[in-house]
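Following: one structure in structure tokens, then a few remarks.
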Amino acid sequence: MIYNNLPKIGLIIIFIFTINSCFATQDYSEESLYIKLEKEIMCPVCDGQTLDQSQSLIANNMKDAIKKKIEEGYSEEEIKDYFINRYGDSVLAYPKMTGFNSIAYIIPIIAIFLGVVILALYIRRDKVK
Amino acid sequence: MNTFGFYILSLGFILSIYSSLLFFFGNYRNNKIMIKSATRSYYLSIIMIFISCVTLIALFLSNDFSNIYVFNHSSLDMNRALTFVAFYAGNEGSLLYILLVHAILSGLLLYFSNKKIKSSLSYSCGILSSISVFYLFVLIFFANPFEVSQLNHSDGKGINPLLRHPGMYIHPPLLMSGLASISIPFVISQGALFDSKKDNNWFGLLRIWSFISWTLLGAGLLIGAWWAYTILGWGGYWSWDPIENVGLMPWLVLTALIHSVMVEERRGMFRLWNIILVSLTFVLALLGTFINRGGPVVSVHSFAASTLGFLFLGFMIVMTSYSLFTIFYKYKNIKDSNNKIESYLSRESSFLLNNVLLVLTSLIILWGVLFPVISIIFTGTEISVSAPYFDKTAGPILLGIIILMGIGPILSWRKTTVRATISRILPSLILTIIFLVCLLILGINKFFPLISLCSIFFVLTIIIKEWVGGTKSRMTSSMNPLTAFSKMIISNRGRNGGYIVHIAILALAFGVVGTKFYDQRIDTNINISEEIAFKNYNILFENIDQEITNGNSVTKAKFSVYDEEKKFIGKIEAMHSYYPNYNQISVRSGILSNPIEDLYIIPKDFIDETNMTVRIAVNPLAWWIWASGPILLIGTLITLWPSRQRKDKKWK
């Protein structure tokens, strides 16, 4: 009995794990916080490049600013807010998880959920016939 | 010569129109003579396209700067070997190149499939030549590569510095060929839809051609990543840039397709689903072309950007509605065998799950690419969607697909029991748990890399176990293990080639995990003969070398690398090339690579003759990403190598 339900349970576990890992966060040391911010903040004047990809003057200035702010003890959120205030929302390399932009994350989760459920139903229908 | 090229192109245009009309009409009337005439004129149009390409190359070689395209992408001092690159360096040339690939591939299809497939092949060819007509139309009226300037130029602007790299000989041509080649499986699926005789040979063709497209596109993407890694000078290889994404999306759907056509081959199922997948791939490839040539999103790949976006958008809309329409009206022509899915735990089910996940990943990436546009429309604020978003959304699903890659192939067709499956994967599971403990002892404790490494290891052990078992059962007393192994590989080329491709994907994933989660870097200022210790390296800055070749100045920084015990490991050369014509600096990073990690030096600024700023990075396991390329190639060749003609299929 339990054997026959294992695949379903497996699927559910994979699904939960997928969602969970989307939101997994970790603590960051100063060094890795810098690297993280460098990858999560865009260079405002380059086409679609994050700071760590860009060598432009403004990108380098922003990197220095990040370093300084980390040393001064600013948190990740404060540093991001600082740049958003100066350059607008598009300076963040990803849509925020709040407000309208949370749709960017909700839709994929719903899509995966629906996809797997529809698939399971389809196989079941086919099986019965 | 310019006028000649243009006339030849126009001739090709007229021939294509003629042949596409005649293909459709001949197919409708079932008129052999019309089809023959259409076929001949289509071959002729292919020749015309070929001649115009040769003409353009001749213009490059003869330094005819009265041609605007040659003027913009070449110069007197350009290395002649780069002519091939210059040919597709811009909008007009790359379109001509895509058309050439399209023409050659469709010629091959026409030539080799004529005997196999009797009915409605001409319908497919009609679509192929209509696609040619579209490209020729764009070339002739909007992007003429043979346009002549009134001014007299004695020298050209020169080729874009970023393109002066060996990867450029293969990356763009492979990628463009991959995208262009998708139209072949697409027209094959259309032929199957319109085939009232329900000929199953269509799906055999579909299998081969979709695998070819998959390989071309995959290799193109991989070499593009390699190019970015060695020349763009930021230490990464994949930035989830919109143009990279639009290449990845059709590749993911093609990956789904090459799996589901296997179910078709064995069990005669999923036919309509295959056709839907091909059409989706084709539409995504067109979307890619549209975004590449003046779409609504910002990207670093702006060299082919133009105002032609609207043409491709229109073409995409037409083709999308067309394929929806044909699927909707002709799906009755597609009949599956009477087989059904019998269990959740079967090869068919696992392939379906793989299909769903791959298609959804592709659509989620599309969602991310388009989201900035959606946000502007609905909220009016500009936002960016870049690597962190895609890592979070697509990353976990791709990991799930890798786990599936281990379990799927060992499930048997039709149905199997949980007990049997578990006993088959039990050794691998135990090994994986031991591996997990080892990793934890080694101090790897981040959640995501831990799971990824374990999954990779798990899948690898399963493949190895299958192979060891297969070899053992073949081995007689007189046979050495190596011959037994190769015999085993050859005995089931499709399956084992597939396994090898899976190993390539594992190598790729291994490298991605290493570089993604364990990269380290410092930015520093360094003087000549100064030594910097970074991780277990001692890096000695030897000297700066400046030379001027062909008016471009090249500044090289040379480093010697020693390990902790001051033992010499190797030399690294990193350089800046400054191109005054383009007012552009191209950075070439210095890399010292081994399977464990890459030492990667990016020259940032040369302050003066003795001082510079550099970024020194260590990218663990990056070597494996590039190693996956040759493995992939071997697997593909083993799979595609023509075997004896299959007998008539019987579905088990």
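Residues are referred to by chain and number: the chain letter is A, B, ... according to the order shown in the structure tokens, the number counts from 1 in that chain, and ligands are numbered separately from 1 in the order shown.
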
Mind checking which residues fall within 12 Å of B:Phe457, counting only C-alpha atoms, ignoring those fewer than 2 positions away in the same chain, and posting them as JSON, numbers by chain?
{"B": [402, 403, 405, 406, 428, 429, 430, 431, 432, 433, 434, 435, 436, 439, 449, 450, 451, 452, 453, 454, 455, 459, 460, 461, 462, 463, 464, 503, 506, 507, 509, 510]}

Residues of chain A within 6 Å of chain B, only C-alpha atoms counted, as a PyMOL selection string:
chain A and resi 18+22+47-48+53+89-90+93-94+108+126-127

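The interatomic distance for the pair atom CA of B:Ile572 and atom CA of B:Ile528 works out to 14.2 Å.
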
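Atom CA of B:Lys535 sits 17.0 Å away from atom CA of B:Leu442.
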
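Nearest to B:Ile601 of all the residues B:Pro580, B:Thr255, B:Tyr229, B:Gly494 is B:Tyr229, counting only C-alpha atoms.
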
Polymer residues at most 12 Å from stretch 487-491 of chain B, only C-alpha atoms, same-chain spacing of 2 or more positions, as an mmCIF file with N, CA and C atoms, in the first residue's frame:
```cif
data_model
loop_
_atom_site.group_PDB
_atom_site.id
_atom_site.type_symbol
_atom_site.label_atom_id
_atom_site.label_comp_id
_atom_site.auth_asym_id
_atom_site.auth_seq_id
_atom_site.Cartn_x
_atom_site.Cartn_y
_atom_site.Cartn_z
ATOM 1 N N GLU B 466 24.796 0.638 -14.539
ATOM 2 C CA GLU B 466 24.200 0.048 -15.737
ATOM 3 C C GLU B 466 25.291 -0.468 -16.674
ATOM 4 N N TRP B 467 26.328 0.343 -16.838
ATOM 5 C CA TRP B 467 27.392 -0.024 -17.772
ATOM 6 C C TRP B 467 28.189 -1.215 -17.266
ATOM 7 N N VAL B 468 28.485 -1.188 -15.970
ATOM 8 C CA VAL B 468 29.255 -2.300 -15.417
ATOM 9 C C VAL B 468 28.464 -3.594 -15.580
ATOM 10 N N GLY B 469 27.169 -3.521 -15.267
ATOM 11 C CA GLY B 469 26.321 -4.696 -15.420
ATOM 12 C C GLY B 469 26.317 -5.194 -16.855
ATOM 13 N N GLY B 470 26.137 -4.253 -17.792
ATOM 14 C CA GLY B 470 26.084 -4.610 -19.207
ATOM 15 C C GLY B 470 27.388 -5.233 -19.678
ATOM 16 N N THR B 471 28.498 -4.658 -19.230
ATOM 17 C CA THR B 471 29.796 -5.182 -19.655
ATOM 18 C C THR B 471 30.007 -6.581 -19.095
ATOM 19 N N LYS B 472 29.663 -6.755 -17.828
ATOM 20 C CA LYS B 472 29.871 -8.060 -17.182
ATOM 21 C C LYS B 472 29.107 -9.153 -17.909
ATOM 22 N N SER B 473 27.853 -8.826 -18.277
ATOM 23 C CA SER B 473 27.037 -9.867 -18.876
ATOM 24 C C SER B 473 27.552 -10.237 -20.282
ATOM 25 N N ARG B 474 28.302 -9.328 -20.886
ATOM 26 C CA ARG B 474 28.836 -9.620 -22.195
ATOM 27 C C ARG B 474 30.193 -10.312 -22.146
ATOM 28 N N MET B 475 30.836 -10.189 -20.992
ATOM 29 C CA MET B 475 32.221 -10.612 -20.920
ATOM 30 C C MET B 475 32.302 -12.127 -20.839
ATOM 31 N N MET B 479 37.446 -12.554 -23.386
ATOM 32 C CA MET B 479 37.309 -11.169 -23.804
ATOM 33 C C MET B 479 37.842 -10.230 -22.729
ATOM 34 N N ASN B 480 38.610 -9.212 -23.132
ATOM 35 C CA ASN B 480 39.032 -8.274 -22.094
ATOM 36 C C ASN B 480 37.934 -7.245 -21.863
ATOM 37 N N PRO B 481 37.929 -6.635 -20.697
ATOM 38 C CA PRO B 481 36.812 -5.758 -20.322
ATOM 39 C C PRO B 481 36.584 -4.613 -21.310
ATOM 40 N N LEU B 482 37.680 -4.119 -21.915
ATOM 41 C CA LEU B 482 37.543 -2.962 -22.784
ATOM 42 C C LEU B 482 36.729 -3.283 -24.035
ATOM 43 N N THR B 483 37.057 -4.431 -24.664
ATOM 44 C CA THR B 483 36.279 -4.811 -25.846
ATOM 45 C C THR B 483 34.845 -5.091 -25.463
ATOM 46 N N ALA B 484 34.682 -5.742 -24.310
ATOM 47 C CA ALA B 484 33.316 -6.026 -23.872
ATOM 48 C C ALA B 484 32.548 -4.721 -23.672
ATOM 49 N N PHE B 485 33.234 -3.744 -23.097
ATOM 50 C CA PHE B 485 32.597 -2.451 -22.855
ATOM 51 C C PHE B 485 32.194 -1.786 -24.164
ATOM 52 N N ARG B 493 23.203 1.687 -29.325
ATOM 53 C CA ARG B 493 23.786 3.006 -29.503
ATOM 54 C C ARG B 493 22.913 4.123 -28.976
ATOM 55 N N GLY B 494 21.628 4.009 -29.226
ATOM 56 C CA GLY B 494 20.731 5.079 -28.803
ATOM 57 C C GLY B 494 20.790 5.276 -27.305
ATOM 58 N N ARG B 495 20.665 4.165 -26.595
ATOM 59 C CA ARG B 495 20.619 4.236 -25.146
ATOM 60 C C ARG B 495 21.950 4.709 -24.562
ATOM 61 N N ASN B 496 23.055 4.092 -25.046
ATOM 62 C CA ASN B 496 24.341 4.428 -24.451
ATOM 63 C C ASN B 496 24.835 5.807 -24.870
ATOM 64 N N GLY B 497 24.547 6.178 -26.126
ATOM 65 C CA GLY B 497 24.844 7.554 -26.532
ATOM 66 C C GLY B 497 24.114 8.526 -25.636
ATOM 67 N N GLY B 498 22.870 8.178 -25.343
ATOM 68 C CA GLY B 498 22.072 9.010 -24.437
ATOM 69 C C GLY B 498 22.726 9.118 -23.070
ATOM 70 N N TYR B 499 23.212 7.984 -22.557
ATOM 71 C CA TYR B 499 23.897 8.013 -21.265
ATOM 72 C C TYR B 499 25.111 8.935 -21.319
ATOM 73 N N ILE B 500 25.851 8.854 -22.421
ATOM 74 C CA ILE B 500 27.053 9.699 -22.509
ATOM 75 C C ILE B 500 26.656 11.175 -22.518
ATOM 76 N N ILE B 634 30.784 13.343 -28.401
ATOM 77 C CA ILE B 634 30.954 11.892 -28.541
ATOM 78 C C ILE B 634 29.602 11.195 -28.405
ATOM 79 N N GLY B 635 28.853 11.582 -27.372
ATOM 80 C CA GLY B 635 27.544 10.973 -27.154
ATOM 81 C C GLY B 635 26.634 11.159 -28.354
ATOM 82 N N LEU B 637 27.484 11.721 -31.478
ATOM 83 C CA LEU B 637 27.928 10.948 -32.638
ATOM 84 C C LEU B 637 27.525 9.489 -32.492
ATOM 85 N N ILE B 638 27.705 8.940 -31.289
ATOM 86 C CA ILE B 638 27.330 7.539 -31.086
ATOM 87 C C ILE B 638 25.846 7.350 -31.327
ATOM 88 N N THR B 639 25.058 8.322 -30.870
ATOM 89 C CA THR B 639 23.616 8.188 -31.046
ATOM 90 C C THR B 639 23.193 8.307 -32.502
ATOM 91 N N LEU B 640 23.800 9.278 -33.189
ATOM 92 C CA LEU B 640 23.317 9.586 -34.541
ATOM 93 C C LEU B 640 23.939 8.716 -35.617
ATOM 94 N N TRP B 641 25.034 8.017 -35.275
ATOM 95 C CA TRP B 641 25.729 7.245 -36.292
ATOM 96 C C TRP B 641 24.755 6.310 -36.996
ATOM 97 N N PRO B 642 24.686 6.391 -38.322
ATOM 98 C CA PRO B 642 23.629 5.627 -38.995
ATOM 99 C C PRO B 642 23.787 4.130 -38.744
ATOM 100 N N SER B 643 22.712 3.517 -38.325
ATOM 101 C CA SER B 643 22.748 2.070 -38.134
ATOM 102 C C SER B 643 22.017 1.429 -39.296
#
```

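Atom to atom, atom CA of B:Ser177 and atom CA of B:Thr515 stand 28.9 Å apart.
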
DSSP alpha helix (DSSP H) selection over stretch 17-87 of chain A, as number ranges by chain:
A: 17-23, 30-40, 57-71, 76-87

Let's have the selection written as an mmCIF file, in the first residue's frame, with C-alpha atoms.
```cif
data_model
loop_
_atom_site.group_PDB
_atom_site.id
_atom_site.type_symbol
_atom_site.label_atom_id
_atom_site.label_comp_id
_atom_site.auth_asym_id
_atom_site.auth_seq_id
_atom_site.Cartn_x
_atom_site.Cartn_y
_atom_site.Cartn_z
ATOM 1 C CA PHE A 17 11.681 21.164 -1.688
ATOM 2 C CA THR A 18 11.615 23.206 -4.885
ATOM 3 C CA ILE A 19 9.525 25.933 -3.332
ATOM 4 C CA ASN A 20 11.487 25.865 -0.128
ATOM 5 C CA SER A 21 14.804 26.289 -1.881
ATOM 6 C CA CYS A 22 13.428 29.318 -3.718
ATOM 7 C CA PHE A 23 13.197 31.149 -0.456
ATOM 8 C CA GLU A 30 31.242 40.845 4.843
ATOM 9 C CA GLU A 31 33.209 39.371 1.975
ATOM 10 C CA SER A 32 30.436 37.218 0.585
ATOM 11 C CA LEU A 33 27.889 39.963 1.169
ATOM 12 C CA TYR A 34 29.964 42.157 -1.109
ATOM 13 C CA ILE A 35 30.074 39.476 -3.801
ATOM 14 C CA LYS A 36 26.339 38.886 -3.422
ATOM 15 C CA LEU A 37 25.486 42.573 -3.731
ATOM 16 C CA GLU A 38 27.785 42.913 -6.711
ATOM 17 C CA LYS A 39 25.776 40.215 -8.445
ATOM 18 C CA GLU A 40 22.383 41.579 -7.399
ATOM 19 C CA LEU A 57 33.457 54.025 -14.236
ATOM 20 C CA ILE A 58 30.070 54.279 -12.578
ATOM 21 C CA ALA A 59 30.019 50.552 -11.817
ATOM 22 C CA ASN A 60 33.426 50.760 -10.196
ATOM 23 C CA ASN A 61 32.325 53.756 -8.124
ATOM 24 C CA MET A 62 29.259 51.860 -7.002
ATOM 25 C CA LYS A 63 31.369 48.862 -6.026
ATOM 26 C CA ASP A 64 33.559 51.134 -3.895
ATOM 27 C CA ALA A 65 30.435 52.603 -2.320
ATOM 28 C CA ILE A 66 29.171 49.113 -1.483
ATOM 29 C CA LYS A 67 32.471 48.199 0.139
ATOM 30 C CA LYS A 68 32.444 51.360 2.202
ATOM 31 C CA LYS A 69 28.885 50.868 3.314
ATOM 32 C CA ILE A 70 29.522 47.286 4.343
ATOM 33 C CA GLU A 71 32.477 48.449 6.410
ATOM 34 C CA GLU A 76 22.090 44.302 2.872
ATOM 35 C CA GLU A 77 18.621 45.824 2.686
ATOM 36 C CA GLU A 78 19.861 49.304 3.588
ATOM 37 C CA ILE A 79 22.494 49.227 0.899
ATOM 38 C CA LYS A 80 19.993 48.078 -1.696
ATOM 39 C CA ASP A 81 17.510 50.759 -0.629
ATOM 40 C CA TYR A 82 20.232 53.355 -0.902
ATOM 41 C CA PHE A 83 20.851 52.478 -4.531
ATOM 42 C CA ILE A 84 17.143 52.130 -5.331
ATOM 43 C CA ASN A 85 16.589 55.652 -3.999
ATOM 44 C CA ARG A 86 19.333 56.961 -6.224
ATOM 45 C CA TYR A 87 18.769 55.008 -9.426
#
```

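For B:Pro173, the residues within 10 Å (counting only C-alpha atoms, excluding itself and residues fewer than 5 positions away along the chain) are Phe84, Val85, Tyr88, Ser94, Tyr97, Ile98, Val101, Met168, Gly178, Leu179, Leu216, Leu217 and Gly220 of chain B.
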
Take the residues from that selection and put them in a file with N, CA and C atoms, as a PDB file, in the first residue's frame.
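Final output, out-v8.pdb:
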```
ATOM      1  N   PHE B  84      35.580  35.298 -42.597  1.00  0.00           N
ATOM      2  CA  PHE B  84      34.435  34.441 -42.311  1.00  0.00           C
ATOM      3  C   PHE B  84      33.613  35.012 -41.149  1.00  0.00           C
ATOM      4  N   VAL B  85      34.340  35.560 -40.152  1.00  0.00           N
ATOM      5  CA  VAL B  85      33.641  36.149 -39.010  1.00  0.00           C
ATOM      6  C   VAL B  85      32.957  37.443 -39.422  1.00  0.00           C
ATOM      7  N   TYR B  88      29.385  37.415 -41.005  1.00  0.00           N
ATOM      8  CA  TYR B  88      28.138  37.449 -40.241  1.00  0.00           C
ATOM      9  C   TYR B  88      28.202  38.401 -39.048  1.00  0.00           C
ATOM     10  N   SER B  94      24.457  38.394 -41.204  1.00  0.00           N
ATOM     11  CA  SER B  94      24.004  37.264 -40.393  1.00  0.00           C
ATOM     12  C   SER B  94      22.685  36.721 -40.929  1.00  0.00           C
ATOM     13  N   TYR B  97      23.562  34.617 -43.754  1.00  0.00           N
ATOM     14  CA  TYR B  97      24.123  33.354 -43.265  1.00  0.00           C
ATOM     15  C   TYR B  97      23.008  32.401 -42.812  1.00  0.00           C
ATOM     16  N   ILE B  98      22.053  32.946 -42.049  1.00  0.00           N
ATOM     17  CA  ILE B  98      20.940  32.107 -41.587  1.00  0.00           C
ATOM     18  C   ILE B  98      20.188  31.517 -42.771  1.00  0.00           C
ATOM     19  N   VAL B 101      22.154  28.631 -44.240  1.00  0.00           N
ATOM     20  CA  VAL B 101      22.003  27.393 -43.460  1.00  0.00           C
ATOM     21  C   VAL B 101      20.634  26.782 -43.713  1.00  0.00           C
ATOM     22  N   MET B 168      34.662  32.806 -31.905  1.00  0.00           N
ATOM     23  CA  MET B 168      33.757  33.471 -32.845  1.00  0.00           C
ATOM     24  C   MET B 168      33.640  32.742 -34.174  1.00  0.00           C
ATOM     25  N   GLY B 178      21.770  26.466 -35.376  1.00  0.00           N
ATOM     26  CA  GLY B 178      20.839  25.762 -34.506  1.00  0.00           C
ATOM     27  C   GLY B 178      19.460  26.372 -34.591  1.00  0.00           C
ATOM     28  N   LEU B 179      19.400  27.700 -34.481  1.00  0.00           N
ATOM     29  CA  LEU B 179      18.091  28.366 -34.522  1.00  0.00           C
ATOM     30  C   LEU B 179      17.443  28.201 -35.885  1.00  0.00           C
ATOM     31  N   LEU B 216      23.298  21.191 -32.483  1.00  0.00           N
ATOM     32  CA  LEU B 216      23.830  22.456 -33.001  1.00  0.00           C
ATOM     33  C   LEU B 216      23.606  23.577 -31.998  1.00  0.00           C
ATOM     34  N   LEU B 217      22.379  23.663 -31.526  1.00  0.00           N
ATOM     35  CA  LEU B 217      22.035  24.756 -30.623  1.00  0.00           C
ATOM     36  C   LEU B 217      22.793  24.624 -29.305  1.00  0.00           C
ATOM     37  N   GLY B 220      26.354  25.525 -29.776  1.00  0.00           N
ATOM     38  CA  GLY B 220      26.456  26.973 -29.954  1.00  0.00           C
ATOM     39  C   GLY B 220      26.381  27.707 -28.624  1.00  0.00           C
TER      40      GLY B 220
END
```

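The shortest atom-to-atom distance to B:Leu193, with only C-alpha atoms taken into account, belongs to B:Asn274 out of B:Asn91, B:Ser321, B:Asn274, B:Asn525.
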
Please return, as number ranges by chain, all residues of stretch 479-623 of chain B that DSSP assigns to strand (DSSP E) on the basis of the backbone.
B: 520-527, 531-534, 537-549, 552-563, 568-579, 584-588, 590-593, 597-608, 611-620

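Residue nearest B:Thr215, chosen from B:Ile140, B:Ile47, B:Ile327, B:Leu632 and counting only C-alpha atoms: B:Leu632.
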
Please provide as number ranges by chain all residues within 9 Å of B:His259, with the sequence filter that same-chain residues fewer than 6 positions apart are discarded (counting only C-alpha atoms).
B: 351-352, 354-355

File of the preceding selection, C-alpha atoms, as a PDB file, in the first residue's frame:
```
ATOM      1  CA  PHE B 351       9.506  11.197 -19.776  1.00  0.00           C
ATOM      2  CA  LEU B 352       6.232  13.059 -19.524  1.00  0.00           C
ATOM      3  CA  ASN B 354      10.626  15.526 -17.810  1.00  0.00           C
ATOM      4  CA  ASN B 355       8.702  17.112 -20.677  1.00  0.00           C
TER       5      ASN B 355
END
```
